[in-house]
Structure formats: C-alpha cells, structure tokens
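Here the structure comes first, spelled out in structure tokens, and everything after it is commentary.
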Amino acid sequence: MLSTRAQASLFSPKQAIQLSRALGPLSSASTSTLGLPVGIRAAFIPAISQCQHQSHGSKRAFSTTPANRMRDFFPAKETEHIRETPPAWPHHGYTEAEMLAVVPAHRKPTTMGDYFAWKFMRFCRWGMDFCTGMRSEQKVDKKNPTTATHSIKPLTEAQWMIRFLFLESIAGVPGMVAGMLRHLHSLRRLKRDNGWIETLLEESYNERMHLLTFMKMCEPGWFMKLMILGAQGVYFNGMVLSYLISPKITHRFVGYLEEEAVHTYTMAIKQIDDGHLPKWSSPDFVVPDIAVKYWHMPEGKRTMRDLIMYIRADEACHRGVNHTLSNLDQKEDPNPFVSDYKGDRKPPRPALKGEGFERADVI
C-alpha cells in the first residue's frame with residue numbers, strides 16, 4: 001500500500017513529542033505522489049496537537065509497513081541512575097571553513113590493484129543506482145562520475161533519503177572488518193598494530209552515526225530492510241575475503257567508495273542551494289537531536305544543509321585516510337593520523353587531501 005493514514009493512537013504523548021521535535025517540520029510537506037521505489041517509509045509525523053485531537057493525521061508519503069507499527073527508532077531509555085550515554089568516540093568537530101573547502105576529488109588508478117578497485121566500485125555504484133531507482137536524467141557526466149555535479153533532473157528529498165540510508169548502511173562495514181581483522185592479527189602475532197585499529201573502528205562508528213541520524217527522519221520499510229540485509233551479507237563477507245587477500249587494494253576500494261559518498265553529498269548540497277529541495281530548505285526544518293549532540297552543531301547552524309556539510313566532511317576524512325593507508329606498508333608502518341611527529345609538525349588532516357597522502361609525505 002503506497003499511502004495510509006496514521007492513527008491518533010499510535011503514540012503516547014511522550015513519544016509524539018520526541019518524534020515531532022525532529023520530524024514535525026516535514027509533516028506539512030508530505031505527499032503521496034513521490035513516485036519512488038517501494039521499500040522505505042518516510043516518517044513525516046504530524047505535530048503533537050494533531051496526534052491528540054484529530055481522528056487521523058496527515059498522509060504518509062509511501063509505505064510498506066502498517067500504520068500501527070510506526071514508532072520512534074531507538075527511543076531514549078530512562079533508568080534509575082543513568083542520565084545519558086555519551087558517544088564512545090566524541091566527534092572532534094570542524095570549522096565552517098574546513099567544511100566549505102571539501103570538494104569532490106578522484107585519485108586516478110596507477111596500478112592493476114587500483115584499476116580493479118576502481119572498476120569494481122563503478123559496478124557497485126551502478127548497482128546502487130539501479131536498486132534505488134535513479135533515472136538516467138538524474139545522473140551526472142559518465143566521464144567524470146565522482147567530480148561532476150550537474151544533472152538534467154534533480155532528485156526529490158525522498159529519493160535522496162533512500163540513497164543516504166542505503167549508502168550509510170553499508171559504509172560502516174569496511175572499518176569494522178578491517179579493525180576486527182587487524183585486531184585478531186595483532187593477537188595472533190603478538191605484535192602491536194601501531195594505531196590502525198582505533199582509526200578504523202572510529203570510522204565505522206562515525207558511519208553508523210550517519211545512519212542513525214537519517215533513521216530519525218525516515219523509517220525503512222520491509223523491502224528496504226531486505227535490500228540492506230542482502231547487501232550487508234554479501235558486502236561483509238566480500239570485505240573479509242578481500243582484506244585477507246590484499247589490505248592495500250581493499251583500502252583503495254574504500255577510498256573510492258568514500259569518493260562516491262563525498263560526491264553524493266556535494267550533489268545534495270548543490271540541489272538544496274539551487275532550490276530543488278524545498279522541504280529541506282524550509283526555515284522550520286529541525287535536524288534530529290542526535291545530530292546536534294554528536295556534531296555539536298551551534299545555534300543557527302542546524303539546517304539540513306548544515307547537517308549534510310558535517311557528514312560530507314566526515315566522508316572526506318574517510319576518503320583521505322583510506323587512500324593514505326593504501327599507500328603505506330600494511331605490516332610495519334604506523335598510522336600517521338594518530339602519531340606524534342617530530343618537531344612542531346602536526347598529524348596530517350585528511351579531509352582536504354582527496355587523493356590521500358603518499359608514504360614519503362607522512363612516514
């Protein structure tokens with residue numbers, strides 16, 4: 001069923017307040033004619049007064065899940081003694097200048113391993129475009145797929161949300177796989193890892209925070225959940241096998257994956273600036289509290305555009321980190337991004353180095 005009505009009894013007042021705080025501004029713009037692949041349900045929830053005083057709420061955009069199953073994902077759980085559980089890895093934050101300086105970039109393949117990683121990434125990108133219903137007129141120039149940002153027809157807010165959810169649901173896998181395997185290797189060989197594990201696990205944690213943020217704005221339906229389940233199963237096992245065979249090629253592949261992520265968010269920002277995404281440009285739009293707390297977003301800088309700027313900067317960091325790690329000796333070199341350098345030199349900042357640092361520059 002593509003459109004149903006949310007019943008007033010779906011939420012308690014407390015739940016409705018929590019949801020309306022993050023999602024209420026989107027309710028007035030909800031429609032039932034988005035024309036997108038079935039598989040994700042936009043959580044455009046009516047305001048609290050509507051939930052309490054109307055016999056039915058506003059129409060939801062599209063749905064494969066019964067209305068009586070609408071709920072807040074991971075609601076805050078109250079306990080007798082614990083007030084709040086902070087992030088295990090607090091975000092270091094960015095300046096506005098750093099976020100504005102992030103641009104799409106591409107590292108040209110120079111070895112057979114690089115070429116294989118790049119071509120396989122292009123195949124994965126084609127698969128994501130196909131599964132999320134991206135049309136040919138919505139794609140960019142094929143000659144510059146990770147740097148061109150102009151398309152004939154813009155995506156809608158709901159189309160972007162589908163892509164964000166699908167991308168972030170698999171983007172958190174590589175860091176966890178690499179960190180896990182390096183951890184086991186360190187235990188097995190009785191040797192130090194020289195700082196790689198922490199950076200890789202923090203990367204996967206950061207990607208998961210992106211996913212949790214978007215899930216506060218959109219609830220996946222059964223079809224999207226099946227897609228994510230299948231993609232994660234294939235991707236996880238493929239990453240394990242790939243990392244065991246060649247960590248260098250795997251990090252290069254992840255670097256190319258992050259190039260795609262930076263490109264995706266840059267296109268979304270451009271379409272917001274061009275006025276194609278009015279729901280996200282509305283002054284009434286409020287980003288979820290989980291995002292405000294994690295990125296320490298200041299007052300007056302809490303629009304959807306600001307949120308995507310933070311996420312794009314994160315992806316730019318992952319892009320530079322993985323391209324750099326691919327250039328290093330996988331067994332002996334320390335992690336340059338957490339190392340103390342001699343003299344007054346500071347660790348490299350990967351966000352603005354899209355092609356990554358060469359080994360001679362950091363080791």
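Residues are named by chain letter and number: chains run A, B, ... in the order of the structure tokens, numbers start at 1 in each chain, and ligands are numbered from 1 in the order shown.
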
**OP:** Mind the document's chain letters and residue numbers, and return as a VMD selection string the residues of stretch 109-256 of chain A that DSSP labels alpha helix (DSSP H).
**Re:** chain A and resid 112 to 131 157 to 171 173 to 189 196 to 215 222 to 245 247 to 256

Original post:
Can you tell me, as a ChimeraX atom specification, what residues are no more than 8 Å from stretch 311-316 of chain A when counting only C-alpha atoms, ignoring any on the same chain fewer than 4 positions away?
Top reply: /A:94,98-99,102,206,210,258-259,261-262,265-266,307,320,350-352,354

Original post:
Can you tell me how far atom CA of A:Leu181 sits from atom CA of A:Asn327, in Å to one decimal?
Top reply: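 Taking atom CA of A:Leu181 and atom CA of A:Asn327, their separation equals 18.8 Å.
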
Can you list, as an mmCIF file with all heavy atoms, in the first residue's frame, every protein, DNA or RNA residue that comes within 12 Å of A:Leu257 when you count only C-alpha atoms, leaving out same-chain residues fewer than 3 positions away?
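And here's selection14.cif as it stands now:
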```cif
data_model
loop_
_atom_site.group_PDB
_atom_site.id
_atom_site.type_symbol
_atom_site.label_atom_id
_atom_site.label_comp_id
_atom_site.auth_asym_id
_atom_site.auth_seq_id
_atom_site.Cartn_x
_atom_site.Cartn_y
_atom_site.Cartn_z
ATOM 1 N N ALA A 105 36.737 14.773 -5.382
ATOM 2 C CA ALA A 105 38.068 14.538 -5.946
ATOM 3 C C ALA A 105 38.169 13.086 -6.371
ATOM 4 O O ALA A 105 37.369 12.244 -5.945
ATOM 5 C CB ALA A 105 39.161 14.885 -4.929
ATOM 6 N N HIS A 106 39.151 12.800 -7.196
ATOM 7 C CA HIS A 106 39.341 11.421 -7.659
ATOM 8 C C HIS A 106 40.824 11.116 -7.783
ATOM 9 O O HIS A 106 41.586 11.881 -8.386
ATOM 10 C CB HIS A 106 38.652 11.209 -9.007
ATOM 11 C CG HIS A 106 38.918 9.861 -9.614
ATOM 12 N ND1 HIS A 106 38.609 8.687 -8.944
ATOM 13 C CD2 HIS A 106 39.462 9.499 -10.813
ATOM 14 C CE1 HIS A 106 38.937 7.656 -9.707
ATOM 15 N NE2 HIS A 106 39.466 8.126 -10.837
ATOM 16 N N ARG A 107 41.227 10.013 -7.209
ATOM 17 C CA ARG A 107 42.604 9.534 -7.356
ATOM 18 C C ARG A 107 42.649 8.581 -8.549
ATOM 19 O O ARG A 107 41.981 7.536 -8.552
ATOM 20 C CB ARG A 107 43.065 8.808 -6.095
ATOM 21 C CG ARG A 107 44.500 8.292 -6.186
ATOM 22 C CD ARG A 107 44.881 7.443 -4.992
ATOM 23 N NE ARG A 107 46.218 6.907 -5.157
ATOM 24 C CZ ARG A 107 47.332 7.482 -4.681
ATOM 25 N NH1 ARG A 107 47.236 8.607 -3.991
ATOM 26 N NH2 ARG A 107 48.518 6.940 -4.878
ATOM 27 N N ALA A 117 40.106 -2.050 -8.174
ATOM 28 C CA ALA A 117 39.279 -1.438 -7.129
ATOM 29 C C ALA A 117 38.351 -0.382 -7.708
ATOM 30 O O ALA A 117 37.178 -0.293 -7.331
ATOM 31 C CB ALA A 117 40.175 -0.831 -6.039
ATOM 32 N N TRP A 118 38.854 0.424 -8.659
ATOM 33 C CA TRP A 118 38.054 1.486 -9.259
ATOM 34 C C TRP A 118 36.915 0.915 -10.096
ATOM 35 O O TRP A 118 35.763 1.354 -9.988
ATOM 36 C CB TRP A 118 38.958 2.378 -10.105
ATOM 37 C CG TRP A 118 38.247 3.323 -11.020
ATOM 38 C CD1 TRP A 118 38.333 3.372 -12.377
ATOM 39 C CD2 TRP A 118 37.348 4.380 -10.654
ATOM 40 N NE1 TRP A 118 37.542 4.381 -12.885
ATOM 41 C CE2 TRP A 118 36.936 5.018 -11.846
ATOM 42 C CE3 TRP A 118 36.863 4.852 -9.437
ATOM 43 C CZ2 TRP A 118 36.050 6.086 -11.858
ATOM 44 C CZ3 TRP A 118 35.972 5.916 -9.443
ATOM 45 C CH2 TRP A 118 35.588 6.521 -10.635
ATOM 46 N N LYS A 119 37.215 -0.081 -10.925
ATOM 47 C CA LYS A 119 36.185 -0.662 -11.768
ATOM 48 C C LYS A 119 35.125 -1.389 -10.948
ATOM 49 O O LYS A 119 33.923 -1.337 -11.261
ATOM 50 C CB LYS A 119 36.820 -1.624 -12.782
ATOM 51 C CG LYS A 119 37.579 -0.913 -13.890
ATOM 52 C CD LYS A 119 36.656 0.019 -14.678
ATOM 53 C CE LYS A 119 37.377 0.723 -15.811
ATOM 54 N NZ LYS A 119 36.473 1.658 -16.560
ATOM 55 N N PHE A 120 35.551 -2.054 -9.899
ATOM 56 C CA PHE A 120 34.577 -2.742 -9.054
ATOM 57 C C PHE A 120 33.707 -1.735 -8.319
ATOM 58 O O PHE A 120 32.508 -1.958 -8.112
ATOM 59 C CB PHE A 120 35.279 -3.660 -8.056
ATOM 60 C CG PHE A 120 34.337 -4.547 -7.287
ATOM 61 C CD1 PHE A 120 33.617 -5.532 -7.939
ATOM 62 C CD2 PHE A 120 34.164 -4.387 -5.920
ATOM 63 C CE1 PHE A 120 32.728 -6.350 -7.240
ATOM 64 C CE2 PHE A 120 33.286 -5.191 -5.213
ATOM 65 C CZ PHE A 120 32.570 -6.185 -5.874
ATOM 66 N N MET A 121 34.287 -0.593 -7.941
ATOM 67 C CA MET A 121 33.498 0.456 -7.305
ATOM 68 C C MET A 121 32.465 1.006 -8.278
ATOM 69 O O MET A 121 31.320 1.274 -7.900
ATOM 70 C CB MET A 121 34.426 1.589 -6.835
ATOM 71 C CG MET A 121 33.711 2.728 -6.133
ATOM 72 S SD MET A 121 32.931 2.190 -4.593
ATOM 73 C CE MET A 121 31.216 2.279 -5.022
ATOM 74 N N ARG A 122 32.824 1.149 -9.543
ATOM 75 C CA ARG A 122 31.861 1.632 -10.525
ATOM 76 C C ARG A 122 30.709 0.643 -10.698
ATOM 77 O O ARG A 122 29.558 1.036 -10.881
ATOM 78 C CB ARG A 122 32.548 1.848 -11.890
ATOM 79 C CG ARG A 122 33.631 2.901 -11.916
ATOM 80 C CD ARG A 122 33.185 4.202 -11.287
ATOM 81 N NE ARG A 122 31.949 4.705 -11.884
ATOM 82 C CZ ARG A 122 31.111 5.535 -11.292
ATOM 83 N NH1 ARG A 122 31.348 5.931 -10.051
ATOM 84 N NH2 ARG A 122 30.032 5.955 -11.896
ATOM 85 N N PHE A 123 31.019 -0.647 -10.638
ATOM 86 C CA PHE A 123 29.963 -1.661 -10.725
ATOM 87 C C PHE A 123 29.034 -1.557 -9.521
ATOM 88 O O PHE A 123 27.804 -1.633 -9.661
ATOM 89 C CB PHE A 123 30.589 -3.061 -10.795
ATOM 90 C CG PHE A 123 29.581 -4.172 -10.687
ATOM 91 C CD1 PHE A 123 28.768 -4.502 -11.765
ATOM 92 C CD2 PHE A 123 29.439 -4.889 -9.509
ATOM 93 C CE1 PHE A 123 27.831 -5.525 -11.671
ATOM 94 C CE2 PHE A 123 28.500 -5.914 -9.402
ATOM 95 C CZ PHE A 123 27.692 -6.234 -10.489
ATOM 96 N N CYS A 124 29.599 -1.375 -8.325
ATOM 97 C CA CYS A 124 28.771 -1.224 -7.113
ATOM 98 C C CYS A 124 27.903 0.026 -7.199
ATOM 99 O O CYS A 124 26.740 0.019 -6.769
ATOM 100 C CB CYS A 124 29.659 -1.173 -5.870
ATOM 101 S SG CYS A 124 30.532 -2.710 -5.518
ATOM 102 N N ARG A 125 28.458 1.100 -7.758
ATOM 103 C CA ARG A 125 27.680 2.333 -7.911
ATOM 104 C C ARG A 125 26.508 2.108 -8.859
ATOM 105 O O ARG A 125 25.389 2.587 -8.612
ATOM 106 C CB ARG A 125 28.590 3.448 -8.422
ATOM 107 C CG ARG A 125 27.857 4.726 -8.847
ATOM 108 C CD ARG A 125 27.098 5.371 -7.684
ATOM 109 N NE ARG A 125 26.280 6.463 -8.140
ATOM 110 C CZ ARG A 125 26.695 7.745 -8.163
ATOM 111 N NH1 ARG A 125 27.914 8.050 -7.781
ATOM 112 N NH2 ARG A 125 25.877 8.686 -8.561
ATOM 113 N N MET A 128 23.811 0.327 -6.937
ATOM 114 C CA MET A 128 23.054 1.177 -6.026
ATOM 115 C C MET A 128 22.091 2.069 -6.799
ATOM 116 O O MET A 128 20.947 2.274 -6.381
ATOM 117 C CB MET A 128 23.993 2.041 -5.182
ATOM 118 C CG MET A 128 23.263 2.809 -4.089
ATOM 119 S SD MET A 128 24.324 3.800 -3.027
ATOM 120 C CE MET A 128 24.551 5.241 -4.042
ATOM 121 N N THR A 146 32.767 11.067 -10.396
ATOM 122 C CA THR A 146 32.943 11.426 -8.986
ATOM 123 C C THR A 146 33.261 12.898 -8.768
ATOM 124 O O THR A 146 33.495 13.310 -7.628
ATOM 125 C CB THR A 146 34.063 10.574 -8.345
ATOM 126 O OG1 THR A 146 35.282 10.777 -9.080
ATOM 127 C CG2 THR A 146 33.703 9.106 -8.362
ATOM 128 N N LEU A 167 23.395 3.910 1.390
ATOM 129 C CA LEU A 167 24.834 4.148 1.399
ATOM 130 C C LEU A 167 25.413 3.973 2.798
ATOM 131 O O LEU A 167 26.416 3.277 2.989
ATOM 132 C CB LEU A 167 25.125 5.557 0.870
ATOM 133 C CG LEU A 167 26.586 6.027 0.920
ATOM 134 C CD1 LEU A 167 27.447 5.180 0.004
ATOM 135 C CD2 LEU A 167 26.691 7.504 0.527
ATOM 136 N N GLU A 168 24.773 4.592 3.793
ATOM 137 C CA GLU A 168 25.325 4.547 5.143
ATOM 138 C C GLU A 168 25.167 3.172 5.796
ATOM 139 O O GLU A 168 25.919 2.826 6.708
ATOM 140 C CB GLU A 168 24.664 5.614 6.019
ATOM 141 C CG GLU A 168 24.877 7.046 5.539
ATOM 142 C CD GLU A 168 26.341 7.476 5.542
ATOM 143 O OE1 GLU A 168 27.180 6.737 6.098
ATOM 144 O OE2 GLU A 168 26.640 8.546 4.983
ATOM 145 N N ILE A 170 25.852 0.375 4.461
ATOM 146 C CA ILE A 170 26.995 -0.464 4.105
ATOM 147 C C ILE A 170 28.327 0.238 4.325
ATOM 148 O O ILE A 170 29.371 -0.411 4.396
ATOM 149 C CB ILE A 170 26.900 -0.946 2.642
ATOM 150 C CG1 ILE A 170 26.936 0.231 1.669
ATOM 151 C CG2 ILE A 170 25.653 -1.783 2.429
ATOM 152 C CD1 ILE A 170 27.012 -0.185 0.213
ATOM 153 N N ALA A 171 28.317 1.570 4.459
ATOM 154 C CA ALA A 171 29.571 2.318 4.610
ATOM 155 C C ALA A 171 30.249 2.031 5.944
ATOM 156 O O ALA A 171 31.463 2.228 6.075
ATOM 157 C CB ALA A 171 29.310 3.819 4.475
ATOM 158 N N GLY A 172 29.475 1.575 6.936
ATOM 159 C CA GLY A 172 30.060 1.275 8.231
ATOM 160 C C GLY A 172 30.697 -0.101 8.316
ATOM 161 O O GLY A 172 31.272 -0.455 9.340
ATOM 162 N N VAL A 173 30.623 -0.883 7.238
ATOM 163 C CA VAL A 173 31.157 -2.245 7.259
ATOM 164 C C VAL A 173 32.680 -2.291 7.108
ATOM 165 O O VAL A 173 33.353 -2.998 7.874
ATOM 166 C CB VAL A 173 30.482 -3.104 6.169
ATOM 167 C CG1 VAL A 173 31.155 -4.477 6.054
ATOM 168 C CG2 VAL A 173 28.998 -3.270 6.460
ATOM 169 N N PRO A 174 33.300 -1.586 6.144
ATOM 170 C CA PRO A 174 34.746 -1.749 5.924
ATOM 171 C C PRO A 174 35.608 -1.460 7.143
ATOM 172 O O PRO A 174 36.542 -2.220 7.438
ATOM 173 C CB PRO A 174 35.045 -0.748 4.797
ATOM 174 C CG PRO A 174 33.754 -0.574 4.086
ATOM 175 C CD PRO A 174 32.703 -0.671 5.141
ATOM 176 N N THR A 250 42.032 -3.285 -0.748
ATOM 177 C CA THR A 250 40.777 -3.048 -0.032
ATOM 178 C C THR A 250 40.677 -1.608 0.437
ATOM 179 O O THR A 250 39.624 -0.968 0.301
ATOM 180 C CB THR A 250 40.640 -4.003 1.161
ATOM 181 O OG1 THR A 250 40.790 -5.354 0.708
ATOM 182 C CG2 THR A 250 39.283 -3.844 1.829
ATOM 183 N N HIS A 251 41.756 -1.067 0.984
ATOM 184 C CA HIS A 251 41.737 0.340 1.403
ATOM 185 C C HIS A 251 41.568 1.270 0.197
ATOM 186 O O HIS A 251 40.901 2.299 0.306
ATOM 187 C CB HIS A 251 43.019 0.687 2.167
ATOM 188 C CG HIS A 251 43.025 0.236 3.589
ATOM 189 N ND1 HIS A 251 42.114 0.707 4.515
ATOM 190 C CD2 HIS A 251 43.815 -0.645 4.247
ATOM 191 C CE1 HIS A 251 42.350 0.128 5.694
ATOM 192 N NE2 HIS A 251 43.366 -0.691 5.555
ATOM 193 N N ARG A 252 42.147 0.896 -0.945
ATOM 194 C CA ARG A 252 41.958 1.716 -2.140
ATOM 195 C C ARG A 252 40.489 1.692 -2.559
ATOM 196 O O ARG A 252 39.916 2.727 -2.934
ATOM 197 C CB ARG A 252 42.835 1.200 -3.278
ATOM 198 C CG ARG A 252 42.762 2.045 -4.526
ATOM 199 C CD ARG A 252 43.458 3.396 -4.320
ATOM 200 N NE ARG A 252 44.895 3.245 -4.272
ATOM 201 C CZ ARG A 252 45.711 3.983 -3.513
ATOM 202 N NH1 ARG A 252 45.203 4.935 -2.724
ATOM 203 N NH2 ARG A 252 47.018 3.791 -3.508
ATOM 204 N N PHE A 253 39.873 0.511 -2.499
ATOM 205 C CA PHE A 253 38.457 0.396 -2.843
ATOM 206 C C PHE A 253 37.606 1.265 -1.917
ATOM 207 O O PHE A 253 36.697 1.971 -2.375
ATOM 208 C CB PHE A 253 38.008 -1.064 -2.736
ATOM 209 C CG PHE A 253 36.518 -1.258 -2.827
ATOM 210 C CD1 PHE A 253 35.876 -1.248 -4.057
ATOM 211 C CD2 PHE A 253 35.756 -1.442 -1.682
ATOM 212 C CE1 PHE A 253 34.499 -1.413 -4.142
ATOM 213 C CE2 PHE A 253 34.389 -1.610 -1.757
ATOM 214 C CZ PHE A 253 33.759 -1.595 -2.990
ATOM 215 N N VAL A 254 37.900 1.247 -0.614
ATOM 216 C CA VAL A 254 37.140 2.058 0.334
ATOM 217 C C VAL A 254 37.381 3.537 0.058
ATOM 218 O O VAL A 254 36.474 4.364 0.190
ATOM 219 C CB VAL A 254 37.512 1.698 1.788
ATOM 220 C CG1 VAL A 254 36.749 2.580 2.768
ATOM 221 C CG2 VAL A 254 37.209 0.230 2.072
ATOM 222 N N GLU A 260 32.752 8.457 -3.773
ATOM 223 C CA GLU A 260 31.346 8.447 -4.174
ATOM 224 C C GLU A 260 30.476 9.126 -3.115
ATOM 225 O O GLU A 260 29.517 9.840 -3.443
ATOM 226 C CB GLU A 260 30.872 7.012 -4.401
ATOM 227 C CG GLU A 260 31.540 6.301 -5.552
ATOM 228 C CD GLU A 260 31.080 6.813 -6.903
ATOM 229 O OE1 GLU A 260 30.102 7.585 -6.957
ATOM 230 O OE2 GLU A 260 31.704 6.450 -7.917
ATOM 231 N N ALA A 261 30.788 8.878 -1.841
ATOM 232 C CA ALA A 261 29.999 9.480 -0.765
ATOM 233 C C ALA A 261 30.133 10.997 -0.772
ATOM 234 O O ALA A 261 29.137 11.725 -0.644
ATOM 235 C CB ALA A 261 30.441 8.906 0.582
ATOM 236 N N VAL A 262 31.372 11.496 -0.915
ATOM 237 C CA VAL A 262 31.583 12.947 -0.973
ATOM 238 C C VAL A 262 30.843 13.535 -2.169
ATOM 239 O O VAL A 262 30.201 14.596 -2.071
ATOM 240 C CB VAL A 262 33.090 13.277 -1.062
ATOM 241 C CG1 VAL A 262 33.305 14.763 -1.314
ATOM 242 C CG2 VAL A 262 33.799 12.857 0.220
ATOM 243 N N HIS A 263 30.901 12.854 -3.291
ATOM 244 C CA HIS A 263 30.206 13.324 -4.491
ATOM 245 C C HIS A 263 28.699 13.350 -4.273
ATOM 246 O O HIS A 263 28.011 14.312 -4.664
ATOM 247 C CB HIS A 263 30.556 12.416 -5.668
ATOM 248 C CG HIS A 263 29.823 12.739 -6.924
ATOM 249 N ND1 HIS A 263 28.739 12.007 -7.373
ATOM 250 C CD2 HIS A 263 29.986 13.741 -7.831
ATOM 251 C CE1 HIS A 263 28.284 12.525 -8.497
ATOM 252 N NE2 HIS A 263 29.021 13.572 -8.800
ATOM 253 N N THR A 264 28.152 12.311 -3.641
ATOM 254 C CA THR A 264 26.714 12.233 -3.389
ATOM 255 C C THR A 264 26.246 13.402 -2.531
ATOM 256 O O THR A 264 25.253 14.087 -2.850
ATOM 257 C CB THR A 264 26.363 10.906 -2.700
ATOM 258 O OG1 THR A 264 26.613 9.824 -3.606
ATOM 259 C CG2 THR A 264 24.901 10.871 -2.267
ATOM 260 N N GLU A 315 32.976 12.125 5.449
ATOM 261 C CA GLU A 315 33.291 11.239 4.333
ATOM 262 C C GLU A 315 34.600 11.655 3.657
ATOM 263 O O GLU A 315 35.358 10.798 3.184
ATOM 264 C CB GLU A 315 32.152 11.251 3.313
ATOM 265 C CG GLU A 315 30.774 10.919 3.855
ATOM 266 C CD GLU A 315 30.637 9.487 4.352
ATOM 267 O OE1 GLU A 315 31.654 8.749 4.366
ATOM 268 O OE2 GLU A 315 29.523 9.094 4.735
ATOM 269 N N ALA A 316 34.868 12.949 3.613
ATOM 270 C CA ALA A 316 36.131 13.411 3.040
ATOM 271 C C ALA A 316 37.317 12.932 3.878
ATOM 272 O O ALA A 316 38.375 12.587 3.326
ATOM 273 C CB ALA A 316 36.133 14.937 2.936
ATOM 274 N N HIS A 318 37.360 10.130 5.670
ATOM 275 C CA HIS A 318 37.497 8.700 5.383
ATOM 276 C C HIS A 318 38.149 8.481 4.020
ATOM 277 O O HIS A 318 38.933 7.539 3.839
ATOM 278 C CB HIS A 318 36.127 8.028 5.414
ATOM 279 C CG HIS A 318 35.402 8.215 6.709
ATOM 280 N ND1 HIS A 318 34.039 8.060 6.833
ATOM 281 C CD2 HIS A 318 35.837 8.560 7.943
ATOM 282 C CE1 HIS A 318 33.672 8.295 8.075
ATOM 283 N NE2 HIS A 318 34.750 8.618 8.771
ATOM 284 N N ARG A 319 37.805 9.328 3.071
ATOM 285 C CA ARG A 319 38.414 9.242 1.732
ATOM 286 C C ARG A 319 39.928 9.403 1.813
ATOM 287 O O ARG A 319 40.694 8.578 1.288
ATOM 288 C CB ARG A 319 37.804 10.319 0.840
ATOM 289 C CG ARG A 319 38.379 10.426 -0.547
ATOM 290 C CD ARG A 319 37.780 11.635 -1.276
ATOM 291 N NE ARG A 319 38.130 12.897 -0.622
ATOM 292 C CZ ARG A 319 37.667 14.091 -1.006
ATOM 293 N NH1 ARG A 319 36.823 14.178 -2.010
ATOM 294 N NH2 ARG A 319 38.037 15.196 -0.365
ATOM 295 N N GLY A 320 40.373 10.465 2.481
ATOM 296 C CA GLY A 320 41.804 10.711 2.589
ATOM 297 C C GLY A 320 42.522 9.670 3.413
ATOM 298 O O GLY A 320 43.646 9.253 3.090
ATOM 299 N N ASN A 322 41.712 6.409 3.904
ATOM 300 C CA ASN A 322 41.836 5.107 3.248
ATOM 301 C C ASN A 322 42.779 5.159 2.055
ATOM 302 O O ASN A 322 43.530 4.193 1.824
ATOM 303 C CB ASN A 322 40.454 4.598 2.832
ATOM 304 C CG ASN A 322 39.714 3.951 3.989
ATOM 305 O OD1 ASN A 322 39.942 2.797 4.325
ATOM 306 N ND2 ASN A 322 38.828 4.719 4.609
ATOM 307 N N HIS A 323 42.765 6.234 1.289
ATOM 308 C CA HIS A 323 43.734 6.347 0.198
ATOM 309 C C HIS A 323 45.156 6.387 0.763
ATOM 310 O O HIS A 323 46.079 5.798 0.174
ATOM 311 C CB HIS A 323 43.458 7.587 -0.639
ATOM 312 C CG HIS A 323 42.413 7.386 -1.694
ATOM 313 N ND1 HIS A 323 42.330 6.244 -2.457
ATOM 314 C CD2 HIS A 323 41.398 8.203 -2.117
ATOM 315 C CE1 HIS A 323 41.324 6.347 -3.316
ATOM 316 N NE2 HIS A 323 40.737 7.513 -3.132
#
```

**OP:** May I ask which of the residues A:Leu244, A:Leu226, A:Ile162, A:Met239 is the closest one to A:Arg182, counting only C-alpha atoms?
**Re:**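 Result for the nearest residue to A:Arg182: A:Leu244.
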
Original post:
Could you pull the residues within 12 Å of A:Leu328, counting only C-alpha atoms, minus those fewer than 3 positions along the same chain, as a PyMOL selection string?
Top reply: chain A and resi 196+247-249+251-252+321-325+331-336+356-363

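If you measure from each of A:Glu355, A:Glu207, A:Asp329, A:Asp289 to A:Leu165 using only C-alpha atoms, the closest one turns out to be A:Glu207.
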
Original post:
Of the residues A:Trp89, A:His183, A:Phe285, A:Lys153, which is the one nearest to A:Gly300, using only C-alpha atoms?
Top reply: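 Of A:Trp89, A:His183, A:Phe285, A:Lys153, the one nearest A:Gly300 is A:Phe285, counting only C-alpha atoms.
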
**OP:** Could you tell me which of A:Met267, A:Met304, A:Trp280, A:Glu157 comes closest to A:Lys139 if we count only C-alpha atoms?
**Re:** A:Met267

**OP:** Please provide the set of residues having any atom within 8 Å of A:Gly175, restricted to only C-alpha atoms, with same-chain residues fewer than 6 positions apart removed, written as a PyMOL selection string.
**Re:** chain A and resi 200-204

Selected residues written out, all heavy atoms, as a short mmCIF file (atom, residue, chain, number, x, y, z; two decimals), in the first residue's frame:
```cif
data_model
loop_
_atom_site.label_atom_id
_atom_site.label_comp_id
_atom_site.auth_asym_id
_atom_site.auth_seq_id
_atom_site.Cartn_x
_atom_site.Cartn_y
_atom_site.Cartn_z
N LEU A 200 40.24 2.78 12.37
CA LEU A 200 39.30 2.01 11.55
C LEU A 200 37.98 1.80 12.28
O LEU A 200 36.90 1.93 11.69
CB LEU A 200 39.92 0.67 11.16
CG LEU A 200 41.14 0.78 10.24
CD1 LEU A 200 41.85 -0.56 10.12
CD2 LEU A 200 40.73 1.28 8.86
N LEU A 201 38.04 1.50 13.57
CA LEU A 201 36.80 1.31 14.33
C LEU A 201 36.05 2.62 14.51
O LEU A 201 34.82 2.66 14.47
CB LEU A 201 37.11 0.68 15.70
CG LEU A 201 37.66 -0.75 15.67
CD1 LEU A 201 37.89 -1.26 17.09
CD2 LEU A 201 36.71 -1.70 14.93
N GLU A 202 36.80 3.71 14.70
CA GLU A 202 36.15 5.01 14.82
C GLU A 202 35.45 5.39 13.51
O GLU A 202 34.38 5.99 13.52
CB GLU A 202 37.17 6.08 15.19
CG GLU A 202 36.55 7.45 15.41
CD GLU A 202 37.55 8.51 15.81
OE1 GLU A 202 38.76 8.19 15.82
OE2 GLU A 202 37.14 9.64 16.11
N GLU A 203 36.05 5.02 12.39
CA GLU A 203 35.42 5.28 11.09
C GLU A 203 34.08 4.55 10.98
O GLU A 203 33.08 5.14 10.55
CB GLU A 203 36.35 4.82 9.97
CG GLU A 203 35.76 4.96 8.58
CD GLU A 203 36.66 4.40 7.50
OE1 GLU A 203 37.85 4.75 7.50
OE2 GLU A 203 36.18 3.60 6.66
N SER A 204 34.05 3.29 11.37
CA SER A 204 32.79 2.54 11.29
C SER A 204 31.76 3.11 12.25
O SER A 204 30.56 3.16 11.93
CB SER A 204 33.04 1.05 11.58
OG SER A 204 33.44 0.84 12.92
#
```
